[in-house]
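File shown: model_19.pdb (PDB, C-alpha atoms and all ligand atoms).
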```
ATOM      1  CA  MET A   1       9.932  -6.261  15.269  1.00  0.00           C
ATOM      2  CA  THR A   2      12.424  -3.755  13.923  1.00  0.00           C
ATOM      3  CA  CYS A   3      12.204  -0.126  14.956  1.00  0.00           C
ATOM      4  CA  PRO A   4      11.400   1.997  11.851  1.00  0.00           C
ATOM      5  CA  TYR A   5      13.409   4.885  13.305  1.00  0.00           C
ATOM      6  CA  CYS A   6      16.682   3.406  14.529  1.00  0.00           C
ATOM      7  CA  ARG A   7      16.451  -0.088  12.984  1.00  0.00           C
ATOM      8  CA  SER A   8      17.223  -1.897  16.212  1.00  0.00           C
ATOM      9  CA  GLY A   9      15.411  -5.090  17.061  1.00  0.00           C
ATOM     10  CA  ASN A  10      12.629  -5.166  19.620  1.00  0.00           C
ATOM     11  CA  ALA A  11      10.482  -7.831  21.215  1.00  0.00           C
ATOM     12  CA  GLU A  12       7.352  -8.770  19.250  1.00  0.00           C
ATOM     13  CA  GLY A  13       4.470  -6.581  20.380  1.00  0.00           C
ATOM     14  CA  ALA A  14       6.694  -3.955  21.997  1.00  0.00           C
ATOM     15  CA  LEU A  15       4.962  -0.582  22.342  1.00  0.00           C
ATOM     16  CA  VAL A  16       8.083   1.562  22.416  1.00  0.00           C
ATOM     17  CA  CYS A  17      11.566   0.965  21.042  1.00  0.00           C
ATOM     18  CA  ALA A  18      13.971  -0.256  23.696  1.00  0.00           C
ATOM     19  CA  SER A  19      16.808   1.591  21.995  1.00  0.00           C
ATOM     20  CA  CYS A  20      15.457   5.020  21.036  1.00  0.00           C
ATOM     21  CA  GLY A  21      12.239   5.041  23.068  1.00  0.00           C
ATOM     22  CA  ARG A  22       9.949   6.022  20.217  1.00  0.00           C
ATOM     23  CA  ASP A  23       6.430   4.712  19.791  1.00  0.00           C
ATOM     24  CA  ILE A  24       6.594   1.707  17.477  1.00  0.00           C
ATOM     25  CA  ALA A  25       3.278   0.032  18.215  1.00  0.00           C
ATOM     26  CA  VAL A  26       1.093  -0.312  15.113  1.00  0.00           C
ATOM     27  CA  PRO A  27      -2.490  -1.258  15.946  1.00  0.00           C
ATOM     28  CA  ALA A  28      -3.806  -4.315  14.118  1.00  0.00           C
ATOM     29  CA  THR A  29      -6.712  -2.207  12.862  1.00  0.00           C
ATOM     30  CA  LEU A  30      -4.271   0.094  11.084  1.00  0.00           C
ATOM     31  CA  ILE A  31      -2.479  -2.827   9.491  1.00  0.00           C
ATOM     32  CA  ALA A  32      -5.795  -4.260   8.320  1.00  0.00           C
ATOM     33  CA  GLU A  33      -6.785  -0.847   6.982  1.00  0.00           C
ATOM     34  CA  ARG A  34      -3.515  -0.555   5.119  1.00  0.00           C
ATOM     35  CA  ASP A  35      -3.950  -4.014   3.554  1.00  0.00           C
ATOM     36  CA  ASP A  36      -7.459  -3.016   2.531  1.00  0.00           C
ATOM     37  CA  LEU A  37      -6.197   0.207   0.952  1.00  0.00           C
ATOM     38  CA  LEU A  38      -3.439  -1.623  -0.903  1.00  0.00           C
ATOM     39  CA  ARG A  39      -5.995  -4.068  -2.303  1.00  0.00           C
ATOM     40  CA  LYS A  40      -8.263  -1.217  -3.399  1.00  0.00           C
ATOM     41  CA  ARG A  41      -5.316   0.540  -5.005  1.00  0.00           C
ATOM     42  CA  ASP A  42      -4.518  -2.571  -7.034  1.00  0.00           C
ATOM     43  CA  GLU A  43      -8.156  -2.878  -8.070  1.00  0.00           C
ATOM     44  CA  LEU A  44      -8.212   0.743  -9.210  1.00  0.00           C
ATOM     45  CA  ARG A  45      -4.974   0.266 -11.090  1.00  0.00           C
ATOM     46  CA  ASP A  46      -6.485  -2.673 -13.004  1.00  0.00           C
ATOM     47  CA  GLU A  47      -9.614  -0.650 -13.706  1.00  0.00           C
ATOM     48  CA  LEU A  48      -7.555   2.260 -14.995  1.00  0.00           C
ATOM     49  CA  LYS A  49      -5.588  -0.033 -17.270  1.00  0.00           C
ATOM     50  CA  ARG A  50      -8.801  -1.505 -18.677  1.00  0.00           C
ATOM     51  CA  ALA A  51     -10.175   1.992 -19.278  1.00  0.00           C
ATOM     52  CA  ARG A  52      -6.975   3.047 -21.048  1.00  0.00           C
ATOM     53  CA  ASP A  53      -7.087  -0.045 -23.256  1.00  0.00           C
ATOM     54  CA  GLU A  54     -10.696   0.746 -24.129  1.00  0.00           C
ATOM     55  CA  VAL A  55      -9.852   4.336 -25.049  1.00  0.00           C
ATOM     56  CA  GLU A  56      -6.921   3.163 -27.119  1.00  0.00           C
ATOM     57  CA  ALA A  57      -9.055   0.620 -28.969  1.00  0.00           C
ATOM     58  CA  PHE A  58     -11.677   3.307 -29.550  1.00  0.00           C
ATOM     59  CA  MET A  59      -9.110   5.736 -30.965  1.00  0.00           C
ATOM     60  CA  LYS A  60      -7.684   3.085 -33.249  1.00  0.00           C
ATOM     61  CA  ARG A  61     -11.135   2.296 -34.571  1.00  0.00           C
ATOM     62  CA  ARG A  62     -11.737   5.988 -35.286  1.00  0.00           C
ATOM     63  CA  HIS A  63      -8.462   6.347 -37.132  1.00  0.00           C
ATOM     64  CA  ALA A  64      -9.132   3.245 -39.182  1.00  0.00           C
ATOM     65  CA  ARG A  65     -12.053   4.926 -40.943  1.00  0.00           C
TER      66      ARG A  65
HETATM   67 ZN    ZN B 101      14.295   2.749  17.846  1.00  0.00          ZN
END
```
Now, as a test, write the supplied structure out as structure tokens.
Ligand SMILES: [Zn+2]
Amino acid sequence: MTCPYCRSGNAEGALVCASCGRDIAVPATLIAERDDLLRKRDELRDELKRARDEVEAFMKRRHAR
């Protein structure tokens, strides 16, 4: 894995960077949580788009009269 701080390569599963010594371990639970949050964000984005389309359609209908 690549160190996010100094960009040097490290062995897979390394806890600290061999080059700069910073903590680079990311628990699997955090990665899973992040994936879950990204999925929820996408779902909310779709929902927001649908809501906007509905409002737009509603406004157009009002103006048509
Ligand atoms: Zn580093």
Each side padded by 3 Å, which centre and which edge lengths in Å (one decimal) define the axis-aligned box around the listed atoms of segment 14-28 of chain A? Give them as JSON.
```
{"center_x": 6.5, "center_y": 0.9, "center_z": 18.9, "size_x": 26.6, "size_y": 16.3, "size_z": 15.6}
```
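For the residues A:Lys60, A:Cys17, A:Leu48, A:Thr2, ranking by smallest atom-to-atom distance to ligand ZN 101 (chain B) using only C-alpha atoms and all ligand atoms places A:Cys17 first.
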Between chain A and ligand ZN 101 (chain B), at 7 Å or less, what are the per-residue closest atom pairs and their distances in Å? Count only C-alpha atoms and all ligand atoms, order by chain and rising residue number, and return it as a tab-separated table.
```
residue	atom	partner	partner_atom	distance
A:Cys3	CA	B:ZN101	ZN	4.6
A:Pro4	CA	B:ZN101	ZN	6.7
A:Tyr5	CA	B:ZN101	ZN	5.1
A:Cys6	CA	B:ZN101	ZN	4.1
A:Arg7	CA	B:ZN101	ZN	6.0
A:Ser8	CA	B:ZN101	ZN	5.7
A:Cys17	CA	B:ZN101	ZN	4.6
A:Ala18	CA	B:ZN101	ZN	6.6
A:Ser19	CA	B:ZN101	ZN	5.0
A:Cys20	CA	B:ZN101	ZN	4.1
A:Gly21	CA	B:ZN101	ZN	6.1
A:Arg22	CA	B:ZN101	ZN	5.9
```
Got a sec: who's within 10 Å of Val26 of chain A, counting only C-alpha atoms, leaving out chain neighbours fewer than 6 positions off, as a ChimeraX atom specification?
/A:13-15
Separation of atom CA of Val55 of chain A and atom CA of Glu43 of chain A, in Å?
18.5 Å
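Picture a line from atom CA of His63 of chain A to atom CA of Arg50 of chain A; it runs 20.1 Å.
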Computed gap from atom CA of Ile24 of chain A to atom CA of Met1 of chain A is 8.9 Å
